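S.K.: Below are the structure tokens for one structure; questions will follow.
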Amino acid sequence: MGQLWVRLAHSRPHYVGARSIILFFGRLRFALSMNLLVVGASGLVGWNFLRVARDAGHQVVGTYASHPIPGLRNLNIANAEAARDLLETFKPDAVVCCAGWSWVDGCQRDPKRAFLENAKLPSQLGRLALQYNARFLYFSTSYVFDGKDGPYDENATTNPISIYGESKLEGERLVLEATEGLALIARTMGVYGEEPQQKNFVYQVVRNLRGGKLMNIPSDQRGNASYVADLALMCISLLMRGTSGIWNVAGPEPELYRKEFALRVSHEYKLDSNLFRFITTSELGQPAPRPLQGGLKIDRAMNATGFKPSPWTSFLIPEAI
Ligand SMILES: NC(=O)c1ccc[n+]([C@@H]2O[C@H](COP(=O)([O-])OP(=O)(O)OC[C@H]3O[C@@H](n4cnc5c(N)ncnc54)[C@H](OP(=O)(O)O)[C@@H]3O)[C@@H](O)[C@H]2O)c1
């Protein structure tokens with residue numbers, strides 16, 4: 001594929017694929033079309049990012065690690081050579097890193113794996129992206145906060161209370177270091193939407209209630225519920241604007257109770273909400289502590305992108321689940 005030299009807003013000489021269209025106004029850099037490499041496209045965020053980006057006219061290659069999906073390439077980012085080969089071949093304008101270990105209680109039990117998969121490996125990929133002059137997007141979490149006094153803006157003081165939160169905060173730090181501050185870090189929370197592995201909260205509610213099973217819901221946790229397609233659209237918009245650093249990108253209600261979210265889902269799918277058992281987080285007795293008021297203020301991203309995410313977006317849950 002032919003290439004074209006351009007100069008980044010950060011004064012870094014930069015290759016972009018010939019099909020990419022990038023406009024410059026002074027220090028501002030606007031991309032109309034990008035080559036995107038979505039790593040972890042078999043997961044919730046990555047799979048939707050890939051679809052939304054393609055629909056918006058971008059050229060996208062996606063990867064999976066252990067859950068094959070037709071059309072995706074296999075990549076484990078622990079294999080640095082394989083990652084390098086993919087960047088060499090595809091020459092993306094941006095690498096979207098959705099790879100990570102997001103099972104909060106699993107991370108609590110296995111900190112070594114959590115720090116490897118949420119911090120060290122993504123930062124190695126970030127360094128590689130920098131070498132190939134590609135932008136880098138890393139997804140972080142509201143769990144970098146203790147949740148005592150949220151919702152939080154981007155400048156709030158972090159204080160993770162779980163291994164997952166610690167490993168993601170370390171991921172932010174290492175990724176920014178590896179990319180010389182150029183990475184875009186998108187903090188989000190409570191992501192839901194259509195998903196190949198069908199494991200997010202909405203699927204859990206529908207599966208439990210359709211099966212007539214009681215379901216424990218924490219009554220004291222609140223924060224954003226984030227529709228994954230909106231998350232992808234906002235991140236694409238931020239990438240196209242050449243933004244870097246930490247941004248909150250989430251649903252519009254930073255103080256939405258989990259209980260209310262669960263009730264919206266049961267109402268939408270006409271399920272029996274009497275099967276919910278609302279109990280406190282401490283009564284749930286999960287291995288990892290949870291931030292109670294860990295919502296994210298998204299004003300900065302809304303102002304920058306002009307995009308207002310929707311409060312609750314239903315989507316088709318396959319009958320098969
Ligand atoms: N979901 C949320 O509510 C939420 C909230 C805040 C932040 N985040 C962050 O957003 C990111 C994506 O989350 P998600 O919910 O989409 O997670 P997910 O559904 O578990 O997907 C994770 C993806 O990463 C891939 N992956 C895992 N280890 C990998 C490796 N070593 N090399 C390459 N790919 C690897 C997985 O591939 P296979 O499945 O094929 O193995 C999968 O495609 C994570 O960093 C997470 O911390 C998510």
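FYI, nothing fancy with the structure tokens labels: chains A, B, ... in order, residues from 1 per chain, ligands from 1 as they appear.
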Show me which residues line ligand 1, defined as having an atom within 8 Å of a ligand atom where only C-alpha atoms and all ligand atoms count, and present them as a PyMOL selection string.

M.R.: chain A and resi 39-47+63-68+75-78+97-103+117-118+121+138-143+168+187-192+195+197+199-200+226

S.K.: Write the residues of the selection above to a file with N, CA and C atoms, as a short mmCIF file (atom, residue, chain, number, x, y, z; two decimals), in the first residue's frame.

M.R.:
data_model
loop_
_atom_site.label_atom_id
_atom_site.label_comp_id
_atom_site.auth_asym_id
_atom_site.auth_seq_id
_atom_site.Cartn_x
_atom_site.Cartn_y
_atom_site.Cartn_z
N VAL A 39 -7.36 -4.65 18.62
CA VAL A 39 -6.81 -5.84 19.29
C VAL A 39 -7.78 -6.23 20.41
N GLY A 40 -8.25 -7.47 20.36
CA GLY A 40 -9.26 -7.92 21.32
C GLY A 40 -10.65 -7.65 20.77
N ALA A 41 -10.82 -7.94 19.46
CA ALA A 41 -12.11 -7.67 18.81
C ALA A 41 -13.10 -8.81 19.00
N SER A 42 -12.74 -9.83 19.78
CA SER A 42 -13.70 -10.88 20.12
C SER A 42 -14.40 -10.58 21.44
N GLY A 43 -14.04 -9.48 22.07
CA GLY A 43 -14.65 -9.09 23.34
C GLY A 43 -15.73 -8.04 23.15
N LEU A 44 -16.33 -7.64 24.24
CA LEU A 44 -17.45 -6.69 24.20
C LEU A 44 -17.08 -5.38 23.52
N VAL A 45 -16.05 -4.72 24.02
CA VAL A 45 -15.71 -3.40 23.50
C VAL A 45 -15.14 -3.52 22.08
N GLY A 46 -14.21 -4.45 21.90
CA GLY A 46 -13.52 -4.55 20.61
C GLY A 46 -14.44 -4.94 19.47
N TRP A 47 -15.33 -5.90 19.72
CA TRP A 47 -16.23 -6.38 18.65
C TRP A 47 -17.12 -5.25 18.17
N THR A 63 -8.58 -8.52 15.89
CA THR A 63 -7.92 -9.76 16.33
C THR A 63 -8.66 -10.40 17.50
N TYR A 64 -8.47 -11.71 17.64
CA TYR A 64 -8.94 -12.44 18.82
C TYR A 64 -7.75 -13.17 19.43
N ALA A 65 -7.89 -13.58 20.68
CA ALA A 65 -6.83 -14.37 21.31
C ALA A 65 -7.26 -15.82 21.47
N SER A 66 -8.37 -16.06 22.20
CA SER A 66 -8.78 -17.45 22.44
C SER A 66 -10.21 -17.76 22.03
N HIS A 67 -10.97 -16.74 21.61
CA HIS A 67 -12.35 -16.97 21.13
C HIS A 67 -12.43 -16.60 19.65
N PRO A 68 -12.21 -17.58 18.76
CA PRO A 68 -12.18 -17.26 17.33
C PRO A 68 -13.51 -16.73 16.82
N LEU A 75 -4.24 -13.12 17.48
CA LEU A 75 -3.08 -12.42 18.05
C LEU A 75 -3.14 -12.48 19.56
N ASN A 76 -2.06 -13.01 20.15
CA ASN A 76 -1.86 -12.87 21.58
C ASN A 76 -0.77 -11.82 21.75
N ILE A 77 -1.07 -10.73 22.44
CA ILE A 77 -0.09 -9.64 22.48
C ILE A 77 1.15 -9.98 23.30
N ALA A 78 1.11 -11.15 23.98
CA ALA A 78 2.34 -11.61 24.63
C ALA A 78 3.38 -11.99 23.57
N CYS A 97 -6.54 -0.85 21.70
CA CYS A 97 -6.21 -1.99 22.57
C CYS A 97 -7.38 -2.30 23.50
N CYS A 98 -8.15 -3.32 23.11
CA CYS A 98 -9.25 -3.78 23.97
C CYS A 98 -8.83 -5.02 24.72
N ALA A 99 -7.60 -5.44 24.53
CA ALA A 99 -7.10 -6.62 25.23
C ALA A 99 -6.90 -6.29 26.70
N GLY A 100 -7.36 -7.16 27.54
CA GLY A 100 -7.18 -6.93 28.97
C GLY A 100 -7.93 -8.01 29.73
N TRP A 101 -7.74 -8.02 31.04
CA TRP A 101 -8.45 -8.99 31.87
C TRP A 101 -9.42 -8.22 32.75
N SER A 102 -10.69 -8.23 32.38
CA SER A 102 -11.65 -7.34 33.03
C SER A 102 -12.48 -8.05 34.10
N TRP A 103 -12.14 -9.30 34.43
CA TRP A 103 -12.86 -10.02 35.48
C TRP A 103 -12.31 -9.57 36.84
N GLU A 117 -1.59 -8.65 32.17
CA GLU A 117 -2.53 -8.49 31.06
C GLU A 117 -3.14 -7.09 30.98
N ASN A 118 -3.21 -6.41 32.12
CA ASN A 118 -3.82 -5.07 32.10
C ASN A 118 -2.80 -3.95 32.02
N LEU A 121 1.51 -5.96 29.18
CA LEU A 121 1.33 -6.30 27.76
C LEU A 121 0.75 -5.13 26.95
N TYR A 138 -6.12 3.05 24.80
CA TYR A 138 -6.16 2.06 25.89
C TYR A 138 -7.43 2.32 26.70
N PHE A 139 -8.17 1.26 27.00
CA PHE A 139 -9.40 1.41 27.79
C PHE A 139 -9.09 1.21 29.27
N SER A 140 -9.43 2.21 30.07
CA SER A 140 -9.27 2.08 31.51
C SER A 140 -10.65 2.15 32.18
N THR A 141 -10.65 2.34 33.46
CA THR A 141 -11.87 2.08 34.23
C THR A 141 -12.06 3.08 35.37
N SER A 142 -13.29 3.20 35.81
CA SER A 142 -13.60 4.02 36.99
C SER A 142 -13.08 3.33 38.27
N TYR A 143 -12.68 2.06 38.15
CA TYR A 143 -12.15 1.35 39.32
C TYR A 143 -10.77 1.87 39.73
N LYS A 168 -5.14 -1.53 36.32
CA LYS A 168 -5.52 -0.64 35.23
C LYS A 168 -4.86 0.73 35.39
N ARG A 187 -11.32 6.20 30.01
CA ARG A 187 -11.86 5.56 31.22
C ARG A 187 -13.35 5.36 31.03
N THR A 188 -13.81 4.15 31.30
CA THR A 188 -15.23 3.88 31.14
C THR A 188 -15.72 2.97 32.27
N MET A 189 -17.00 2.64 32.26
CA MET A 189 -17.53 1.70 33.26
C MET A 189 -18.89 1.16 32.82
N GLY A 190 -19.28 0.04 33.38
CA GLY A 190 -20.61 -0.52 33.15
C GLY A 190 -20.99 -0.65 31.69
N VAL A 191 -20.08 -1.20 30.90
CA VAL A 191 -20.33 -1.27 29.46
C VAL A 191 -21.32 -2.40 29.15
N TYR A 192 -22.29 -2.11 28.28
CA TYR A 192 -23.26 -3.14 27.89
C TYR A 192 -23.59 -2.98 26.42
N GLU A 195 -22.98 -8.65 22.31
CA GLU A 195 -21.64 -9.16 22.61
C GLU A 195 -21.53 -10.64 22.24
N GLN A 197 -19.64 -12.97 23.36
CA GLN A 197 -19.50 -13.88 24.50
C GLN A 197 -20.65 -13.73 25.51
N LYS A 199 -21.71 -11.87 28.02
CA LYS A 199 -21.44 -11.93 29.46
C LYS A 199 -21.71 -10.62 30.20
N ASN A 200 -22.06 -9.53 29.49
CA ASN A 200 -22.24 -8.28 30.24
C ASN A 200 -23.56 -8.30 31.02
N SER A 226 -22.89 2.22 30.29
CA SER A 226 -22.34 2.77 29.05
C SER A 226 -22.68 1.88 27.87
#

S.K.: For segment 131-137 of chain A, list every protein, DNA or RNA residue within 9 Å, evaluated using only C-alpha atoms, and leave out those in the same chain fewer than 3 positions away; present the list as a ChimeraX atom specification.

M.R.: /A:12-16,84,87-88,91-98,125-128,175,179,182-186,235,239,242,244

S.K.: Those residues you just picked out, can you put them in a file as a short mmCIF file (atom, residue, chain, number, x, y, z; two decimals), in the first residue's frame with N, CA and C atoms?

M.R.:
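Okay, result_31.cif is ready:
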data_model
loop_
_atom_site.label_atom_id
_atom_site.label_comp_id
_atom_site.auth_asym_id
_atom_site.auth_seq_id
_atom_site.Cartn_x
_atom_site.Cartn_y
_atom_site.Cartn_z
N ARG A 12 5.68 15.05 15.28
CA ARG A 12 6.34 13.77 15.00
C ARG A 12 6.05 13.40 13.54
N PRO A 13 7.09 13.15 12.72
CA PRO A 13 6.82 12.71 11.35
C PRO A 13 6.01 11.43 11.39
N HIS A 14 5.08 11.26 10.50
CA HIS A 14 4.11 10.18 10.65
C HIS A 14 3.70 9.62 9.31
N TYR A 15 3.74 8.29 9.21
CA TYR A 15 3.23 7.62 8.02
C TYR A 15 1.74 7.37 8.18
N VAL A 16 0.98 7.55 7.15
CA VAL A 16 -0.40 7.05 7.19
C VAL A 16 -0.67 6.30 5.90
N ARG A 84 4.19 -7.27 16.01
CA ARG A 84 5.01 -6.45 15.11
C ARG A 84 4.66 -6.76 13.65
N LEU A 87 1.43 -5.05 12.64
CA LEU A 87 1.60 -3.61 12.43
C LEU A 87 2.37 -3.33 11.13
N GLU A 88 3.37 -4.17 10.89
CA GLU A 88 4.18 -4.02 9.68
C GLU A 88 3.32 -4.20 8.43
N LYS A 91 -0.04 -1.46 8.84
CA LYS A 91 0.33 -0.05 9.01
C LYS A 91 -0.86 0.80 9.47
N PRO A 92 -1.38 0.50 10.66
CA PRO A 92 -2.56 1.24 11.12
C PRO A 92 -2.23 2.68 11.50
N ASP A 93 -3.22 3.53 11.38
CA ASP A 93 -3.10 4.89 11.93
C ASP A 93 -3.27 4.86 13.43
N ALA A 94 -4.05 3.89 13.90
CA ALA A 94 -4.27 3.76 15.34
C ALA A 94 -4.45 2.30 15.72
N VAL A 95 -3.89 1.96 16.87
CA VAL A 95 -4.09 0.64 17.45
C VAL A 95 -5.07 0.82 18.61
N VAL A 96 -6.18 0.08 18.56
CA VAL A 96 -7.20 0.17 19.61
C VAL A 96 -7.03 -1.06 20.49
N CYS A 97 -6.54 -0.85 21.70
CA CYS A 97 -6.21 -1.99 22.57
C CYS A 97 -7.38 -2.30 23.50
N CYS A 98 -8.15 -3.32 23.11
CA CYS A 98 -9.25 -3.78 23.97
C CYS A 98 -8.83 -5.02 24.72
N LEU A 125 2.52 -3.15 23.69
CA LEU A 125 1.84 -2.91 22.41
C LEU A 125 1.85 -1.41 22.09
N GLY A 126 1.70 -0.60 23.14
CA GLY A 126 1.74 0.85 22.97
C GLY A 126 3.10 1.31 22.45
N ARG A 127 4.16 0.71 22.98
CA ARG A 127 5.52 1.07 22.53
C ARG A 127 5.69 0.71 21.05
N LEU A 128 5.15 -0.45 20.69
CA LEU A 128 5.23 -0.89 19.30
C LEU A 128 4.45 0.08 18.39
N VAL A 175 1.32 2.79 29.79
CA VAL A 175 0.95 3.08 28.40
C VAL A 175 1.36 4.52 28.04
N THR A 179 4.20 5.45 25.24
CA THR A 179 3.80 6.17 24.02
C THR A 179 4.20 7.65 24.09
N LEU A 182 1.43 10.15 24.16
CA LEU A 182 0.54 10.34 23.00
C LEU A 182 -0.71 9.47 23.04
N ALA A 183 -0.71 8.45 23.90
CA ALA A 183 -1.87 7.54 23.92
C ALA A 183 -3.13 8.27 24.37
N LEU A 184 -4.25 7.75 23.87
CA LEU A 184 -5.56 8.18 24.36
C LEU A 184 -6.01 7.12 25.37
N ILE A 185 -6.27 7.57 26.59
CA ILE A 185 -6.74 6.65 27.63
C ILE A 185 -8.22 6.95 27.84
N ALA A 186 -9.07 5.98 27.55
CA ALA A 186 -10.52 6.18 27.72
C ALA A 186 -10.97 5.44 28.97
N CYS A 235 -15.06 7.42 21.19
CA CYS A 235 -13.61 7.18 21.11
C CYS A 235 -13.09 7.41 19.70
N LEU A 239 -10.23 9.99 18.65
CA LEU A 239 -9.06 9.58 17.87
C LEU A 239 -8.92 10.44 16.62
N GLY A 242 -7.28 13.58 17.15
CA GLY A 242 -5.87 13.51 17.57
C GLY A 242 -5.67 13.76 19.04
N SER A 244 -5.09 13.10 23.08
CA SER A 244 -4.30 12.15 23.87
C SER A 244 -4.57 12.43 25.35
#

S.K.: Out of A:Pro70, A:Pro311, A:Pro291, A:Gly62, which residue has the shortest atom-to-atom distance to Val144 of chain A when counting only C-alpha atoms?

M.R.: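 Of A:Pro70, A:Pro311, A:Pro291, A:Gly62, the one nearest Val144 of chain A, counting only C-alpha atoms, is A:Pro291.
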
S.K.: Run DSSP on the backbone of this structure and report the residues of segment 129-214 of chain A it assigns to strand (DSSP E), as a PDB file with C-alpha atoms, in the first residue's frame.

M.R.:
ATOM      1  CA  ARG A 135      -1.884   6.309  17.680  1.00  0.00           C
ATOM      2  CA  PHE A 136      -2.794   4.108  20.650  1.00  0.00           C
ATOM      3  CA  LEU A 137      -6.093   3.793  22.510  1.00  0.00           C
ATOM      4  CA  TYR A 138      -6.159   2.065  25.894  1.00  0.00           C
ATOM      5  CA  PHE A 139      -9.395   1.415  27.795  1.00  0.00           C
ATOM      6  CA  SER A 140      -9.268   2.083  31.509  1.00  0.00           C
ATOM      7  CA  THR A 141     -11.872   2.082  34.231  1.00  0.00           C
ATOM      8  CA  LEU A 184      -5.561   8.178  24.361  1.00  0.00           C
ATOM      9  CA  ILE A 185      -6.739   6.652  27.632  1.00  0.00           C
ATOM     10  CA  ALA A 186     -10.519   6.185  27.721  1.00  0.00           C
ATOM     11  CA  ARG A 187     -11.860   5.565  31.220  1.00  0.00           C
ATOM     12  CA  THR A 188     -15.230   3.881  31.143  1.00  0.00           C
ATOM     13  CA  VAL A 191     -20.333  -1.267  29.456  1.00  0.00           C
ATOM     14  CA  TYR A 192     -23.255  -3.136  27.890  1.00  0.00           C
TER      15      TYR A 192
END

S.K.: Mind giving me the straight-line distance from atom CA of Ala114 of chain A to atom CA of Arg173 of chain A in Å, one decimal?

M.R.: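 Atom-to-atom, atom CA of Ala114 of chain A and atom CA of Arg173 of chain A are spaced 14.9 Å apart.
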